[in-house]
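Peer 1: Below is entry12.cif; it holds mmCIF, C-alpha atoms.
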data_my_file
#
loop_
_atom_site.group_PDB
_atom_site.id
_atom_site.type_symbol
_atom_site.label_atom_id
_atom_site.label_comp_id
_atom_site.auth_asym_id
_atom_site.auth_seq_id
_atom_site.Cartn_x
_atom_site.Cartn_y
_atom_site.Cartn_z
ATOM 1 C CA LYS N 1 0.917 35.210 -50.069
ATOM 2 C CA PRO N 2 -0.028 34.023 -46.548
ATOM 3 C CA TYR N 3 1.417 30.711 -45.375
ATOM 4 C CA LEU N 4 1.592 28.415 -42.364
ATOM 5 C CA VAL N 5 4.757 28.283 -40.274
ATOM 6 C CA GLY N 6 6.273 25.192 -38.713
ATOM 7 C CA TYR N 7 9.437 24.455 -36.758
ATOM 8 C CA ARG N 8 11.957 21.838 -37.892
ATOM 9 C CA CYS N 9 14.422 20.069 -35.615
ATOM 10 C CA GLN N 10 17.929 20.861 -36.846
ATOM 11 C CA SER N 11 19.181 17.463 -35.665
ATOM 12 C CA CYS N 12 16.678 14.988 -37.128
ATOM 13 C CA GLY N 13 14.393 17.041 -39.387
ATOM 14 C CA ALA N 14 11.139 16.372 -37.500
ATOM 15 C CA THR N 15 8.652 19.191 -38.107
ATOM 16 C CA TYR N 16 6.187 20.590 -35.572
ATOM 17 C CA LEU N 17 3.517 23.247 -35.259
ATOM 18 C CA GLY N 18 4.009 25.746 -32.448
ATOM 19 C CA GLU N 19 7.328 27.196 -31.391
ATOM 20 C CA ASN N 20 7.132 26.616 -27.634
ATOM 21 C CA ARG N 21 9.212 23.437 -27.553
ATOM 22 C CA VAL N 22 11.856 22.583 -25.008
ATOM 23 C CA GLY N 23 13.164 19.765 -27.162
ATOM 24 C CA CYS N 24 12.420 17.474 -30.077
ATOM 25 C CA SER N 25 10.079 14.628 -29.149
ATOM 26 C CA LYS N 26 11.627 12.422 -31.839
ATOM 27 C CA CYS N 27 15.370 12.698 -31.119
ATOM 28 C CA THR N 28 15.319 14.678 -27.804
ATOM 29 C CA SER N 29 17.636 17.386 -29.180
ATOM 30 C CA THR N 30 17.388 20.656 -27.231
ATOM 31 C CA GLU N 31 18.805 22.734 -30.098
ATOM 32 C CA SER N 32 16.452 25.550 -31.158
ATOM 33 C CA PRO N 33 14.248 24.458 -34.064
ATOM 34 C CA LYS N 34 14.404 26.332 -37.366
ATOM 35 C CA GLU N 35 11.325 28.187 -38.632
ATOM 36 C CA VAL N 36 10.111 26.770 -41.955
ATOM 37 C CA ARG N 37 7.338 27.614 -44.395
ATOM 38 C CA LEU N 38 4.811 24.762 -44.573
ATOM 39 C CA SER N 39 3.174 23.545 -47.745
ATOM 40 C CA ASP N 40 -0.160 25.033 -48.784
ATOM 41 C CA ARG N 41 -1.207 21.617 -50.148
ATOM 42 C CA GLY N 42 -2.341 18.562 -48.249
ATOM 43 C CA SER N 43 -4.695 15.620 -48.161
ATOM 44 C CA LEU N 44 -7.810 14.899 -46.148
ATOM 45 C CA TYR N 45 -6.991 12.594 -43.234
ATOM 46 C CA VAL N 46 -10.266 12.652 -41.275
ATOM 47 C CA TYR N 47 -13.282 14.923 -40.896
ATOM 48 C CA SER N 48 -16.492 15.529 -38.998
ATOM 49 C CA ILE N 49 -19.633 17.195 -40.272
ATOM 50 C CA VAL N 50 -20.774 19.666 -37.617
ATOM 51 C CA HIS N 51 -24.539 20.148 -37.333
ATOM 52 C CA GLN N 52 -24.727 22.198 -34.130
ATOM 53 C CA SER N 53 -22.601 25.230 -33.271
ATOM 54 C CA VAL N 54 -22.639 28.530 -31.426
ATOM 55 C CA PRO N 55 -25.120 31.217 -32.502
ATOM 56 C CA GLY N 56 -24.003 33.033 -35.635
ATOM 57 C CA VAL N 57 -21.981 30.147 -37.079
ATOM 58 C CA PRO N 58 -23.825 28.584 -40.012
ATOM 59 C CA VAL N 59 -24.144 24.808 -40.025
ATOM 60 C CA PRO N 60 -23.505 22.263 -41.341
ATOM 61 C CA TYR N 61 -19.776 22.715 -41.901
ATOM 62 C CA VAL N 62 -16.853 20.333 -42.245
ATOM 63 C CA SER N 63 -14.145 20.284 -39.577
ATOM 64 C CA ALA N 64 -11.082 18.287 -40.648
ATOM 65 C CA ILE N 65 -7.530 17.197 -40.058
ATOM 66 C CA VAL N 66 -5.346 17.731 -43.117
ATOM 67 C CA ASP N 67 -2.003 15.969 -43.542
ATOM 68 C CA LEU N 68 0.706 18.156 -45.064
ATOM 69 C CA PRO N 69 3.671 16.695 -46.961
ATOM 70 C CA ASP N 70 5.943 18.344 -44.364
ATOM 71 C CA GLY N 71 5.066 15.604 -41.866
ATOM 72 C CA VAL N 72 2.573 17.619 -39.800
ATOM 73 C CA SER N 73 -1.221 17.711 -39.639
ATOM 74 C CA VAL N 74 -3.412 20.765 -39.175
ATOM 75 C CA ARG N 75 -6.922 21.098 -37.825
ATOM 76 C CA CYS N 76 -9.107 23.351 -39.926
ATOM 77 C CA ASN N 77 -12.449 23.798 -41.584
ATOM 78 C CA LEU N 78 -13.009 22.797 -45.185
ATOM 79 C CA ILE N 79 -14.744 25.206 -47.530
ATOM 80 C CA ASP N 80 -16.253 24.880 -50.987
ATOM 81 C CA VAL N 81 -17.314 21.288 -50.238
ATOM 82 C CA GLU N 82 -20.699 19.710 -49.711
ATOM 83 C CA PRO N 83 -21.053 18.320 -46.192
ATOM 84 C CA ASP N 84 -21.796 14.886 -47.631
ATOM 85 C CA PRO N 85 -19.632 11.831 -46.771
ATOM 86 C CA ALA N 86 -20.023 10.545 -50.348
ATOM 87 C CA LYS N 87 -18.230 13.690 -51.574
ATOM 88 C CA LEU N 88 -15.422 13.722 -49.002
ATOM 89 C CA PRO N 89 -13.051 10.861 -49.825
ATOM 90 C CA PHE N 90 -10.164 10.292 -47.439
ATOM 91 C CA GLY N 91 -6.919 11.306 -49.121
ATOM 92 C CA MET N 92 -8.674 13.972 -51.219
ATOM 93 C CA PRO N 93 -6.120 16.594 -52.371
ATOM 94 C CA LEU N 94 -6.660 19.986 -50.729
ATOM 95 C CA GLU N 95 -5.156 23.459 -50.917
ATOM 96 C CA MET N 96 -4.983 26.203 -48.302
ATOM 97 C CA VAL N 97 -6.774 29.517 -48.707
ATOM 98 C CA THR N 98 -7.275 32.446 -46.361
ATOM 99 C CA ARG N 99 -10.376 34.511 -45.802
ATOM 100 C CA LYS N 100 -11.436 37.411 -43.669
ATOM 101 C CA VAL N 101 -13.697 36.007 -40.960
ATOM 102 C CA ARG N 102 -14.509 39.165 -38.986
ATOM 103 C CA GLU N 103 -13.246 42.588 -37.914
ATOM 104 C CA ARG N 104 -12.017 43.962 -34.602
ATOM 105 C CA LYS N 105 -11.864 47.592 -33.491
ATOM 106 C CA GLU N 106 -8.578 48.591 -31.881
ATOM 107 C CA LYS N 107 -6.856 51.800 -30.795
ATOM 108 C CA ASN N 108 -3.631 52.518 -32.643
ATOM 109 C CA ALA N 109 -0.502 54.275 -31.291
ATOM 110 C CA GLU N 110 -2.070 57.693 -31.912
ATOM 111 C CA GLY N 111 -5.118 56.733 -29.843
ATOM 112 C CA THR N 112 -7.556 56.671 -32.744
ATOM 113 C CA GLU N 113 -9.703 53.631 -33.406
ATOM 114 C CA GLU N 114 -9.000 51.514 -36.454
ATOM 115 C CA THR N 115 -10.507 48.355 -37.885
ATOM 116 C CA ILE N 116 -8.343 45.238 -37.949
ATOM 117 C CA ASP N 117 -9.266 42.378 -40.278
ATOM 118 C CA ILE N 118 -9.186 38.919 -38.665
ATOM 119 C CA ILE N 119 -7.916 36.393 -41.213
ATOM 120 C CA ALA N 120 -8.199 32.602 -40.904
ATOM 121 C CA PHE N 121 -6.947 29.718 -43.004
ATOM 122 C CA PHE N 122 -9.109 27.000 -44.529
ATOM 123 C CA PHE N 123 -8.571 24.131 -46.952
ATOM 124 C CA LYS N 124 -10.611 23.481 -50.073
ATOM 125 C CA PRO N 125 -10.499 20.826 -52.799
ATOM 126 C CA SER N 126 -7.412 21.279 -54.950
ATOM 127 C CA GLN N 127 -7.869 22.198 -58.587
ATOM 128 C CA ASN N 128 -4.625 20.379 -59.528
#
Spit out the file's structure as structure tokens when you get a sec.
Peer 2:
Amino acid sequence: KPYLVGYRCQSCGATYLGENRVGCSKCTSTESPKEVRLSDRGSLYVYSIVHQSVPGVPVPYVSAIVDLPDGVSVRCNLIDVEPDPAKLPFGMPLEMVTRKVRERKEKNAEGTEETIDIIAFFFKPSQN
């Protein structure tokens, strides 16, 4: 099952997204952080309903920041929700899902063209 990856400071336990860190911004340790699997559950921190986008992207959609219990927040789009503020309470429990968003043609090692699926993560209202 796909999952999000974070990096945890081995000195203080602070967790971050992105592995290109020189040191921990909480305790200033320069020890290499440990890769950790992040939770696929979170809660809605803040959102924006987008009404204008690039051609080919259907609107309206909900762009959000989701707080994970691991101590990090992720930016993502919400799916399976109505873009209505009355139906998007802050703190709403959410769960991560992945979906194919498009395809890309690429040459493989043998020189033949193959289709690569581009997968993205989203959050949707949690059923639990």
Peer 1: Which residues are close to region 102-111 of chain N, i.e. within 12 Å by only C-alpha atoms, leaving aside same-chain residues fewer than 4 positions away? Reply as a PyMOL selection string.
Peer 2: chain N and resi 56-57+115-120
Peer 1: I'd like the residues picked by the PyMOL selection byres ((chain N and resi 96) around 8) written out as a ChimeraX atom specification, using the chain letters and numbers from the file.
Peer 2: /N:40-41,94-95,97-98,121-124
Peer 1: Translate the PyMOL selection byres ((chain N and resi 17-19) around 10), as applied to the file shown, into an explicit residue set as a list in words.
Peer 2: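 With the shown file as input, the PyMOL selection byres ((chain N and resi 17-19) around 10) matches Leu4, Val5, Gly6, Tyr7, Arg8, Thr15, Tyr16, Asn20, Arg21, Val22, Ser32, Pro33, Lys34, Glu35, Leu38, Val72, Ser73 and Val74 of chain N.
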Peer 1: How many Å lie between CA of Tyr3 (chain N) and CA of Leu88 (chain N), rounded to one decimal?
Peer 2: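 Straight-line distance from CA of Tyr3 (chain N) to CA of Leu88 (chain N) works out to 24.2 Å.
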Peer 1: Between CA of Gln127 (chain N) and CA of Val46 (chain N), what is the spacing in Å?
Peer 2: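 CA of Val46 (chain N) sits 19.9 Å away from CA of Gln127 (chain N).
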Peer 1: So how many Å separate CA of Glu113 (chain N) and CA of Pro55 (chain N), to one decimal?
Peer 2: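 Taking CA of Glu113 (chain N) and CA of Pro55 (chain N), their separation equals 27.2 Å.
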Peer 1: Counting all atoms listed in the file, what is within 10 Å of Met92 (chain N), bar same-chain residues fewer than 4 positions away, as a PyMOL selection string?
Peer 2: chain N and resi 42-45+66+87-88+124-126
